[in-house]
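For reference, protein11.csv (CSV, C-alpha atoms):
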chain,number,residue,atom,x,y,z
A,1,MET,CA,28.3,-40.9,73.9
A,2,LYS,CA,31.2,-38.6,73.1
A,3,MET,CA,30.6,-36.2,70.3
A,4,THR,CA,33.4,-36.2,67.8
A,5,GLU,CA,34.7,-32.8,67.0
A,6,ILE,CA,34.6,-31.8,63.3
A,7,ASP,CA,36.8,-29.2,61.9
A,8,PRO,CA,34.6,-27.0,59.7
A,9,LEU,CA,37.5,-26.1,57.5
A,10,ASP,CA,38.4,-29.7,56.9
A,11,ILE,CA,36.8,-30.5,53.5
A,12,THR,CA,38.7,-33.7,52.7
A,13,LYS,CA,35.7,-35.9,53.7
A,14,CYS,CA,33.3,-33.9,51.5
A,15,LEU,CA,35.3,-34.4,48.4
A,16,ARG,CA,34.1,-37.1,46.0
A,17,LYS,CA,36.4,-39.4,44.2
A,18,GLN,CA,36.9,-38.1,40.7
A,19,THR,CA,36.5,-40.8,38.1
A,20,ALA,CA,37.9,-40.5,34.7
A,21,LYS,CA,35.3,-39.7,32.0
A,22,PRO,CA,35.1,-42.3,29.3
A,23,GLU,CA,36.8,-41.1,26.2
A,24,CYS,CA,34.4,-40.1,23.5
A,25,SER,CA,34.6,-42.0,20.3
A,26,GLN,CA,36.2,-40.0,17.6
A,27,LYS,CA,33.8,-38.6,15.1
A,28,LYS,CA,33.9,-40.2,11.7
A,29,THR,CA,35.0,-37.8,9.0
A,30,VAL,CA,33.4,-38.2,5.6
A,31,ASP,CA,35.5,-37.1,2.7
A,32,VAL,CA,33.3,-35.0,0.5
A,33,PRO,CA,34.7,-34.6,-3.0
A,34,LYS,CA,35.5,-31.0,-3.6
A,35,LYS,CA,34.5,-29.3,-6.8
A,36,PRO,CA,37.3,-28.7,-9.2
A,37,VAL,CA,38.6,-25.1,-8.9
A,38,LEU,CA,38.3,-23.2,-12.1
A,39,GLU,CA,41.8,-22.3,-13.1
A,40,ILE,CA,42.2,-18.8,-14.5
A,41,PRO,CA,44.5,-19.0,-17.5
A,42,LYS,CA,47.5,-16.7,-17.6
A,43,LEU,CA,46.8,-13.5,-19.5
A,44,PRO,CA,49.1,-12.3,-22.2
A,45,GLU,CA,51.2,-9.3,-21.7
A,46,LEU,CA,49.4,-6.2,-22.9
A,47,PRO,CA,51.1,-3.7,-25.2
A,48,GLU,CA,51.4,0.0,-24.3
A,49,PRO,CA,48.5,2.1,-25.3
A,50,THR,CA,48.8,4.6,-28.1
A,51,GLU,CA,47.7,8.2,-28.0
A,52,GLU,CA,44.5,7.3,-30.0
A,53,ASP,CA,43.5,4.8,-27.3
A,54,LEU,CA,43.6,7.3,-24.5
A,55,PRO,CA,41.3,10.3,-23.9
A,56,LYS,CA,42.6,13.7,-24.8
A,57,LEU,CA,43.9,15.9,-22.0
A,58,GLN,CA,42.0,19.1,-21.5
A,59,ASP,CA,43.8,22.5,-21.5
A,60,SER,CA,42.3,23.3,-18.1
A,61,TYR,CA,40.2,21.6,-15.4
A,62,PRO,CA,38.0,23.0,-12.6
A,63,ASP,CA,39.6,23.8,-9.2
A,64,TYR,CA,37.1,21.7,-7.1
A,65,PHE,CA,38.9,18.4,-7.7
A,66,HIS,CA,42.5,17.3,-7.5
A,67,PHE,CA,44.5,14.1,-6.7
A,68,GLU,CA,46.6,13.1,-3.7
A,69,LYS,CA,48.9,10.2,-3.1
A,70,GLY,CA,50.3,9.0,0.3
A,71,LYS,CA,53.7,7.4,0.9
A,72,LYS,CA,52.2,3.9,1.2
A,73,SER,CA,49.5,4.4,-1.5
A,74,ARG,CA,49.7,2.6,-4.7
A,75,TYR,CA,47.2,4.6,-6.7
A,76,PHE,CA,45.8,8.1,-6.5
A,77,ASP,CA,43.0,9.4,-4.3
A,78,LEU,CA,40.5,11.8,-5.8
A,79,VAL,CA,39.5,14.8,-3.7
A,80,TYR,CA,36.2,16.3,-4.9
A,81,HIS,CA,34.9,19.4,-3.1
A,82,GLY,CA,36.9,18.4,-0.1
A,83,LYS,CA,35.6,14.8,0.0
A,84,ARG,CA,38.1,12.0,-0.4
A,85,PHE,CA,37.4,9.0,-2.8
A,86,ASN,CA,39.6,6.0,-3.6
A,87,SER,CA,39.3,2.4,-4.9
A,88,ALA,CA,38.3,3.4,-8.3
A,89,ILE,CA,36.3,1.0,-10.5
A,90,TYR,CA,37.3,1.5,-14.1
A,91,GLY,CA,34.6,1.0,-16.7
A,92,THR,CA,34.6,1.4,-20.5
A,93,CYS,CA,32.7,4.7,-20.4
A,94,ASN,CA,33.1,6.0,-16.9
A,95,THR,CA,35.0,5.5,-13.6
A,96,ILE,CA,33.3,5.1,-10.2
A,97,TRP,CA,35.1,6.4,-7.2
A,98,GLN,CA,34.1,5.2,-3.7
A,99,CYS,CA,34.3,7.0,-0.4
A,100,ALA,CA,37.6,6.6,1.4
A,101,HIS,CA,35.8,6.1,4.7
A,102,ARG,CA,33.2,3.5,3.5
A,103,ARG,CA,34.5,0.7,5.7
A,104,LYS,CA,34.7,2.6,9.0
A,105,TYR,CA,31.5,4.6,8.6
A,106,ARG,CA,29.7,2.3,6.1
A,107,CYS,CA,29.4,5.2,3.8
A,108,SER,CA,27.7,4.5,0.5
A,109,ALA,CA,28.6,7.7,-1.3
A,110,VAL,CA,30.2,7.3,-4.7
A,111,LEU,CA,31.3,9.6,-7.5
A,112,GLN,CA,30.7,8.7,-11.1
A,113,VAL,CA,33.2,10.4,-13.4
A,114,SER,CA,33.3,10.4,-17.2
A,115,LYS,CA,36.2,8.8,-19.0
A,116,ASP,CA,37.9,12.2,-19.8
A,117,TYR,CA,37.1,13.7,-16.3
A,118,THR,CA,34.9,16.4,-17.6
A,119,ASN,CA,31.6,15.3,-16.1
A,120,PHE,CA,31.1,14.5,-12.4
A,121,GLU,CA,28.0,13.0,-10.8
A,122,PRO,CA,27.9,12.3,-7.1
A,123,ARG,CA,25.5,9.7,-5.8
A,124,ASN,CA,24.3,9.0,-2.2
A,125,GLU,CA,25.1,11.3,0.7
A,126,HIS,CA,28.1,10.8,3.1
A,127,THR,CA,27.3,9.4,6.5
A,128,HIS,CA,30.1,11.4,8.2
A,129,GLY,CA,31.4,14.9,8.3
A,130,ASN,CA,34.7,16.3,7.2
A,131,LEU,CA,37.5,14.1,8.4
A,132,LYS,CA,41.2,14.9,8.5
A,133,THR,CA,43.6,12.7,6.7
A,134,LYS,CA,46.3,10.8,8.6
A,135,GLY,CA,49.8,11.3,7.5
A,136,GLU,CA,51.2,13.5,4.8
A,137,SER,CA,50.1,13.1,1.2
A,138,GLU,CA,51.5,14.6,-2.0
A,139,LEU,CA,49.1,16.8,-4.1
A,140,PHE,CA,48.8,16.4,-7.8
A,141,THR,CA,46.9,18.6,-10.3
A,142,PRO,CA,44.7,16.9,-12.9
A,143,GLN,CA,47.3,17.8,-15.6
A,144,GLN,CA,49.9,15.8,-13.6
A,145,ALA,CA,47.8,12.8,-12.6
A,146,LEU,CA,45.3,12.2,-15.4
A,147,PRO,CA,47.9,10.9,-18.0
A,148,ILE,CA,48.7,8.1,-15.5
A,149,MET,CA,45.0,7.6,-14.7
A,150,PHE,CA,44.2,7.2,-18.4
A,151,ARG,CA,46.8,4.5,-18.8
A,152,ILE,CA,45.7,2.7,-15.6
A,153,SER,CA,42.0,2.8,-16.8
A,154,TRP,CA,43.0,1.5,-20.3
A,155,LYS,CA,45.1,-1.4,-18.9
A,156,LYS,CA,42.3,-2.4,-16.4
A,157,ASN,CA,39.7,-2.5,-19.2
A,158,GLN,CA,42.0,-4.5,-21.5
A,159,GLU,CA,42.8,-6.9,-18.7
A,160,ARG,CA,39.1,-7.4,-18.0
A,161,LYS,CA,38.4,-8.1,-21.7
A,162,ALA,CA,41.3,-10.5,-21.9
A,163,LYS,CA,40.2,-12.3,-18.7
A,164,ARG,CA,36.5,-12.5,-20.0
A,165,VAL,CA,37.7,-14.0,-23.3
A,166,ALA,CA,40.0,-16.5,-21.5
A,167,MET,CA,37.3,-17.5,-19.0
A,168,SER,CA,34.8,-18.0,-21.9
A,169,ARG,CA,37.2,-20.3,-23.6
A,170,VAL,CA,37.8,-22.3,-20.4
A,171,MET,CA,34.0,-22.5,-19.7
A,172,LYS,CA,33.4,-23.7,-23.3
A,173,GLU,CA,36.1,-26.4,-23.0
A,174,ARG,CA,34.7,-27.4,-19.6
A,175,LEU,CA,31.2,-27.6,-21.0
A,176,LYS,CA,32.5,-29.6,-23.9
A,177,ILE,CA,34.1,-32.1,-21.6
A,178,GLN,CA,30.9,-32.3,-19.4
A,179,ARG,CA,28.8,-32.9,-22.5
A,180,ALA,CA,31.1,-35.6,-23.8
A,181,LYS,CA,31.1,-37.2,-20.3
A,182,ALA,CA,27.3,-37.1,-20.1
A,183,LYS,CA,27.1,-38.5,-23.7
A,184,ALA,CA,29.5,-41.3,-22.8
A,185,GLU,CA,27.5,-42.1,-19.6
A,186,ALA,CA,24.2,-42.1,-21.5
A,187,GLU,CA,25.7,-44.4,-24.1
A,188,ALA,CA,27.0,-46.7,-21.4
A,189,GLU,CA,23.6,-46.8,-19.8
A,190,ARG,CA,22.0,-47.6,-23.1
A,191,GLU,CA,24.4,-50.4,-23.7
A,192,ARG,CA,23.8,-51.7,-20.2
A,193,ILE,CA,20.1,-51.8,-20.8
A,194,LYS,CA,20.6,-53.6,-24.1
A,195,ALA,CA,22.9,-56.1,-22.4
A,196,ALA,CA,20.3,-56.7,-19.7
A,197,ARG,CA,17.7,-57.2,-22.4
A,198,ARG,CA,19.9,-59.7,-24.2
A,199,LYS,CA,20.6,-61.6,-20.9
A,200,LYS,CA,16.8,-61.9,-20.3
A,201,PRO,CA,16.0,-65.4,-21.4
A,202,ILE,CA,13.1,-66.1,-23.8
A,203,PRO,CA,10.5,-68.2,-21.9
A,204,LYS,CA,9.4,-71.6,-23.0
A,205,ILE,CA,5.9,-72.1,-24.6
A,206,PRO,CA,3.6,-73.4,-21.9
A,207,GLU,CA,2.1,-76.8,-22.4
A,208,PHE,CA,-1.6,-77.5,-22.3
A,209,PRO,CA,-2.7,-80.3,-19.9
A,210,GLY,CA,-5.3,-82.9,-20.9
A,211,PRO,CA,-5.7,-84.8,-24.1
A,212,GLN,CA,-3.5,-83.9,-27.0
A,213,PRO,CA,-4.7,-83.7,-30.6
A,214,ALA,CA,-4.0,-86.5,-33.1
A,215,GLU,CA,-2.3,-85.9,-36.4
A,216,ASP,CA,-5.6,-86.1,-38.3
A,217,GLU,CA,-7.1,-83.3,-36.2
A,218,LEU,CA,-4.3,-80.8,-37.1
A,219,PRO,CA,-3.9,-79.0,-40.5
A,220,LYS,CA,-1.3,-80.4,-42.8
A,221,LEU,CA,2.1,-78.6,-43.0
A,222,GLN,CA,2.8,-77.3,-46.5
A,223,ASP,CA,5.9,-78.1,-48.5
A,224,SER,CA,6.8,-74.4,-48.8
A,225,TYR,CA,5.6,-71.0,-47.6
A,226,PRO,CA,6.1,-67.5,-49.0
A,227,ASP,CA,9.1,-65.5,-48.0
A,228,TYR,CA,7.1,-62.5,-46.6
A,229,LEU,CA,5.9,-64.7,-43.7
A,230,TYR,CA,7.9,-65.7,-40.6
A,231,PHE,CA,7.6,-65.7,-36.8
A,232,GLU,CA,9.4,-64.1,-33.9
A,233,ARG,CA,9.7,-64.8,-30.2
A,234,GLY,CA,11.1,-62.3,-27.6
A,235,PRO,CA,11.6,-62.2,-23.8
A,236,ASN,CA,8.0,-61.0,-23.3
A,237,THR,CA,6.4,-63.2,-25.9
A,238,LEU,CA,4.1,-66.0,-24.6
A,239,TYR,CA,3.6,-67.8,-28.0
A,240,TYR,CA,4.7,-66.2,-31.3
A,241,ASP,CA,4.6,-62.9,-33.1
A,242,LEU,CA,3.6,-62.9,-36.8
A,243,VAL,CA,5.7,-60.8,-39.3
A,244,TYR,CA,3.7,-60.3,-42.5
A,245,TYR,CA,5.4,-58.1,-45.2
A,246,GLY,CA,7.6,-56.6,-42.4
A,247,GLU,CA,4.6,-55.7,-40.3
A,248,ARG,CA,4.5,-57.2,-36.8
A,249,TYR,CA,1.3,-58.7,-35.4
A,250,ASN,CA,0.6,-60.5,-32.0
A,251,SER,CA,-2.2,-61.4,-29.6
A,252,ALA,CA,-3.8,-63.9,-32.0
A,253,ILE,CA,-7.5,-64.7,-31.7
A,254,PHE,CA,-7.9,-68.4,-32.6
A,255,GLY,CA,-11.1,-69.6,-34.2
A,256,SER,CA,-12.4,-72.9,-35.7
A,257,ARG,CA,-11.5,-71.9,-39.2
A,258,TYR,CA,-9.6,-68.6,-39.0
A,259,THR,CA,-7.0,-66.9,-36.9
A,260,PHE,CA,-7.0,-63.1,-36.4
A,261,TRP,CA,-3.7,-61.4,-35.7
A,262,GLN,CA,-3.7,-57.9,-34.3
A,263,CYS,CA,-1.1,-55.1,-34.8
A,264,SER,CA,1.6,-55.2,-32.1
A,265,HIS,CA,1.4,-51.4,-31.8
A,266,ARG,CA,-2.4,-51.2,-31.4
A,267,ARG,CA,-2.3,-49.8,-27.9
A,268,LYS,CA,0.4,-47.2,-28.4
A,269,PHE,CA,-1.0,-45.9,-31.7
A,270,LYS,CA,-4.6,-47.2,-31.5
A,271,CYS,CA,-3.9,-49.1,-34.7
A,272,PRO,CA,-6.9,-51.1,-36.1
A,273,ALA,CA,-4.8,-53.2,-38.6
A,274,THR,CA,-5.4,-57.0,-38.5
A,275,VAL,CA,-4.5,-60.0,-40.6
A,276,HIS,CA,-7.1,-62.8,-41.1
A,277,VAL,CA,-5.4,-66.1,-41.8
A,278,THR,CA,-6.9,-69.5,-42.4
A,279,ASN,CA,-5.8,-72.1,-39.8
A,280,ASP,CA,-3.6,-73.9,-42.4
A,281,TYR,CA,-1.8,-70.6,-43.2
A,282,THR,CA,-2.4,-70.7,-46.9
A,283,GLU,CA,-4.7,-67.7,-47.3
A,284,PHE,CA,-4.1,-64.2,-45.9
A,285,GLU,CA,-6.2,-61.1,-45.8
A,286,ARG,CA,-5.1,-57.8,-44.3
A,287,ARG,CA,-7.9,-55.5,-43.0
A,288,TYR,CA,-7.6,-51.8,-42.2
A,289,GLU,CA,-4.5,-49.6,-42.6
A,290,HIS,CA,-1.9,-49.0,-40.0
A,291,SER,CA,-2.1,-45.6,-38.2
A,292,HIS,CA,1.7,-45.3,-37.8
A,293,GLY,CA,4.9,-45.6,-39.7
A,294,GLU,CA,7.5,-48.3,-39.7
A,295,GLN,CA,8.5,-49.2,-36.2
A,296,PRO,CA,11.8,-51.1,-35.9
A,297,SER,CA,12.1,-53.9,-33.3
A,298,THR,CA,14.3,-52.9,-30.3
A,299,ARG,CA,14.0,-56.3,-28.6
A,300,ASN,CA,16.3,-59.3,-28.7
A,301,VAL,CA,14.2,-61.8,-30.7
A,302,GLU,CA,14.6,-65.2,-32.2
A,303,LEU,CA,13.4,-65.8,-35.7
A,304,TYR,CA,11.4,-68.9,-36.8
A,305,THR,CA,10.4,-70.1,-40.2
A,306,PRO,CA,6.8,-71.2,-40.8
A,307,LYS,CA,7.8,-74.8,-40.8
A,308,GLN,CA,9.4,-74.4,-37.3
A,309,ALA,CA,6.6,-72.4,-35.7
A,310,LEU,CA,3.4,-73.7,-37.4
A,311,PRO,CA,3.3,-77.2,-35.7
A,312,THR,CA,3.2,-75.5,-32.3
A,313,LEU,CA,0.7,-72.9,-33.5
A,314,PHE,CA,-1.6,-75.7,-34.8
A,315,ARG,CA,-1.6,-77.4,-31.4
A,316,ILE,CA,-2.2,-74.1,-29.6
A,317,CYS,CA,-5.1,-73.3,-32.0
A,318,TRP,CA,-6.6,-76.8,-31.4
A,319,HIS,CA,-6.5,-76.4,-27.6
A,320,ARG,CA,-8.0,-72.9,-27.7
A,321,VAL,CA,-10.8,-74.0,-29.9
A,322,LYS,CA,-11.4,-77.0,-27.6
A,323,GLU,CA,-11.6,-74.7,-24.6
A,324,THR,CA,-14.1,-72.5,-26.5
A,325,SER,CA,-16.3,-75.5,-27.3
A,326,VAL,CA,-16.2,-76.6,-23.7
A,327,LYS,CA,-17.2,-73.1,-22.5
A,328,ARG,CA,-20.0,-73.1,-25.0
A,329,LEU,CA,-21.4,-76.4,-23.8
A,330,GLN,CA,-21.2,-75.1,-20.2
A,331,LEU,CA,-23.1,-72.0,-21.3
A,332,LYS,CA,-25.8,-74.3,-22.9
A,333,GLU,CA,-26.2,-76.2,-19.7
A,334,LEU,CA,-26.5,-73.0,-17.7
A,335,ARG,CA,-29.2,-71.8,-20.1
A,336,LYS,CA,-31.1,-75.0,-19.9
A,337,ASP,CA,-31.0,-74.9,-16.1
A,338,LYS,CA,-32.2,-71.3,-16.2
A,339,ILE,CA,-35.1,-72.2,-18.5
A,340,LEU,CA,-36.2,-75.1,-16.3
A,341,THR,CA,-36.1,-73.0,-13.2
A,342,GLU,CA,-38.2,-70.3,-14.9
A,343,GLU,CA,-40.7,-72.9,-16.1
A,344,TYR,CA,-40.9,-74.4,-12.6
A,345,ARG,CA,-41.4,-71.0,-11.0
A,346,LEU,CA,-44.0,-69.7,-13.4
A,347,GLY,CA,-46.0,-73.0,-13.5
A,348,ASP,CA,-48.6,-73.2,-16.3
A,349,ILE,CA,-47.9,-69.7,-17.8
A,350,HIS,CA,-45.5,-71.1,-20.4
A,351,ASP,CA,-47.3,-74.4,-21.1
A,352,GLU,CA,-48.1,-73.2,-24.6
A,353,ILE,CA,-44.3,-73.2,-25.5
A,354,PRO,CA,-42.7,-76.6,-24.9
A,355,VAL,CA,-39.3,-76.7,-23.2
A,356,GLU,CA,-37.8,-78.8,-26.0
A,357,GLU,CA,-38.5,-76.1,-28.6
A,358,GLU,CA,-37.0,-73.4,-26.5
A,359,LEU,CA,-33.9,-75.5,-25.8
A,360,SER,CA,-33.5,-76.3,-29.5
A,361,PHE,CA,-33.8,-72.6,-30.3
A,362,VAL,CA,-31.0,-71.8,-27.8
A,363,GLU,CA,-28.8,-74.5,-29.3
A,364,GLU,CA,-29.4,-73.2,-32.8
A,365,GLN,CA,-28.4,-69.7,-31.7
A,366,ALA,CA,-25.2,-71.1,-30.1
A,367,ASP,CA,-24.3,-73.2,-33.2
A,368,ASP,CA,-24.8,-70.3,-35.7
A,369,SER,CA,-21.4,-68.8,-35.1
A,370,ASP,CA,-19.0,-71.4,-36.6
A,371,ASP,CA,-16.1,-69.0,-36.5
A,372,SER,CA,-16.1,-68.8,-32.8
A,373,PHE,CA,-12.8,-67.5,-31.3
A,374,THR,CA,-11.1,-66.8,-28.0
A,375,TRP,CA,-8.4,-64.3,-26.9
A,376,ALA,CA,-4.9,-65.6,-26.6
A,377,ASP,CA,-3.3,-65.0,-23.2
Any chance you could put this one into structure tokens?
Amino acid sequence: MKMTEIDPLDITKCLRKQTAKPECSQKKTVDVPKKPVLEIPKLPELPEPTEEDLPKLQDSYPDYFHFEKGKKSRYFDLVYHGKRFNSAIYGTCNTIWQCAHRRKYRCSAVLQVSKDYTNFEPRNEHTHGNLKTKGESELFTPQQALPIMFRISWKKNQERKAKRVAMSRVMKERLKIQRAKAKAEAEAERERIKAARRKKPIPKIPEFPGPQPAEDELPKLQDSYPDYLYFERGPNTLYYDLVYYGERYNSAIFGSRYTFWQCSHRRKFKCPATVHVTNDYTEFERRYEHSHGEQPSTRNVELYTPKQALPTLFRICWHRVKETSVKRLQLKELRKDKILTEEYRLGDIHDEIPVEEELSFVEEQADDSDDSFTWAD
């Protein structure tokens, strides 16, 4: 076999075919709503200060400080014991001068000067030595520079006060708008909840299966009823709510002769007030006082007169009492079975007491309570 000669400098066979990279899907940008920028109102033009507004110029000043101003400088530089300070911060009682080399050398040295330039208080040490100034600067004595410095300080303080007042007005107006907006939103939410409550339908009264009562088994409907008595039904009401002298009662306990209505606020205020009514709704007796004041109804309710609601309540009461009697008979049967099993288990121990007498005693105990009742669902 012949060996093929390969040029070591030929790299064409070693190169791979370059395939274009799939284009990346563009990132989805989400527009975040920016907070509204607080616009600074235009400040009014300030009048010129009077002589009483400015500090008095002294007859002489010490030699250890003077002022300088370069060709491109807007304000004066203060030279105190050979140290240069600029970027003055004007206050109401004093002026704070900062080191001229604070940015380059991170120097924290400051000089606090009284308003009339009679007291000087240096703070913090310089982080650098004596440095020469670049360029030429014009020297000014305190007598020459301080009248201008007094006016600059007065204007800066007046501008700060005017800006603070304008900003406080803007913030008050903004807060007023925010409160009005929050109040409108709360009112809209309240109306929405009320509308949702109104839209909620009032459920139908459930029907009882099984035999229905005859007309002779139900109380007779009266020709008229007092005005202080009526009934209500709301979205969460299963049967009816009784309103007696403006006081609302629900969760009726139906008995064979009486119906007991409980205060509708008994859980929230632990109210013990109840109304005992005869099953024909001719006699009323309120027991116990309410533990709360008048509570207005916030629900969307339908009102019913006694003649509209009582026929349904008579049937409900009849079914509830019927269920109670059935449960009582079942309880009697359970007791009889229990007595028989006990008699069978114990043998001749209870031969002295006949079973019939014990059963009759149990039946008498069960029949003693004629005003039996049951809780309404």
* Write out as a ChimeraX atom specification the residues lying within 9 Å of range 71-75 of chain A, counting only C-alpha atoms and excluding same-chain residues fewer than 3 positions away. => /A:86-87,135-138,149
* To do: For CA of Phe260 in chain A and CA of Leu229 in chain A, determine how far apart the two atoms are, in Å to one decimal place.
  => 14.9 Å
* Using all atoms listed in the file: which of A:Gln144, A:Gln212, A:His101, A:Glu294 has the shortest distance to Ile316 in chain A -> A:Gln212
* Asked: Quick one: distance from CA of Val321 in chain A to CA of Cys271 in chain A in Å, one decimal?
  -> 26.3 Å
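Non-sequential neighbours of range 111-117 of chain A (distance at most 7 Å, separation of 6 or more positions within a chain, all atoms listed in the file) are A:Pro55, A:Cys93, A:Asn94, A:Thr95, A:Ile96, A:Trp97, A:Gln98, A:Arg123.
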Selection from above, C-alpha atoms, as a PDB file, keeping the file's coordinate frame, can you write it?
ATOM      1  CA  PRO A  55      41.300  10.300 -23.900  1.00  0.00           C
ATOM      2  CA  CYS A  93      32.700   4.700 -20.400  1.00  0.00           C
ATOM      3  CA  ASN A  94      33.100   6.000 -16.900  1.00  0.00           C
ATOM      4  CA  THR A  95      35.000   5.500 -13.600  1.00  0.00           C
ATOM      5  CA  ILE A  96      33.300   5.100 -10.200  1.00  0.00           C
ATOM      6  CA  TRP A  97      35.100   6.400  -7.200  1.00  0.00           C
ATOM      7  CA  GLN A  98      34.100   5.200  -3.700  1.00  0.00           C
ATOM      8  CA  ARG A 123      25.500   9.700  -5.800  1.00  0.00           C
TER       9      ARG A 123
END
* Which is closer to Glu285 in chain A than all the others in A:Gln222, A:Thr259, A:Asn300, A:Thr305, using all atoms listed in the file? -> A:Thr259
* Which polymer residues, protein or nucleic acid, are no farther than 12 Å from (-4.1, -64.5, -32.3), counting all atoms listed in the file, as an NGL selection string? -> :A and (238-242 or 249-255 or 258-264 or 274-279 or 313-314 or 316-317 or 320-321 or 373-377)
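Distances to Val301 in chain A were evaluated for A:Thr324, A:Thr282, A:Thr341, A:Arg233 using only C-alpha atoms, and the minimum falls at A:Arg233.
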* **CA of Ala145 in chain A to CA of Gly82 in chain A, straight-line distance in Å** =>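 For CA of Gly82 in chain A relative to CA of Ala145 in chain A, the distance reads 17.5 Å.
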* Pick out the residues sitting within 12 Å of Pro226 in chain A, and hand them over as number ranges by chain; count all atoms listed in the file, and ignore anything fewer than 3 positions along from it in its own chain. => A: 222-223, 229-230, 243-245, 281-284, 305-307
* To do: Do a neighbour search on Glu52 in chain A at 12 Å with all atoms listed in the file, toss out local chain neighbours closer than 6 positions, and write the hits as a ChimeraX atom specification.
  => /A:150-151,154
* **For Leu78 in chain A, the nearest of the candidates A:Leu146, A:Gly210, A:Arg267, A:Arg106, counting only C-alpha atoms** =>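 For Leu78 in chain A, the nearest of the candidates is A:Leu146.
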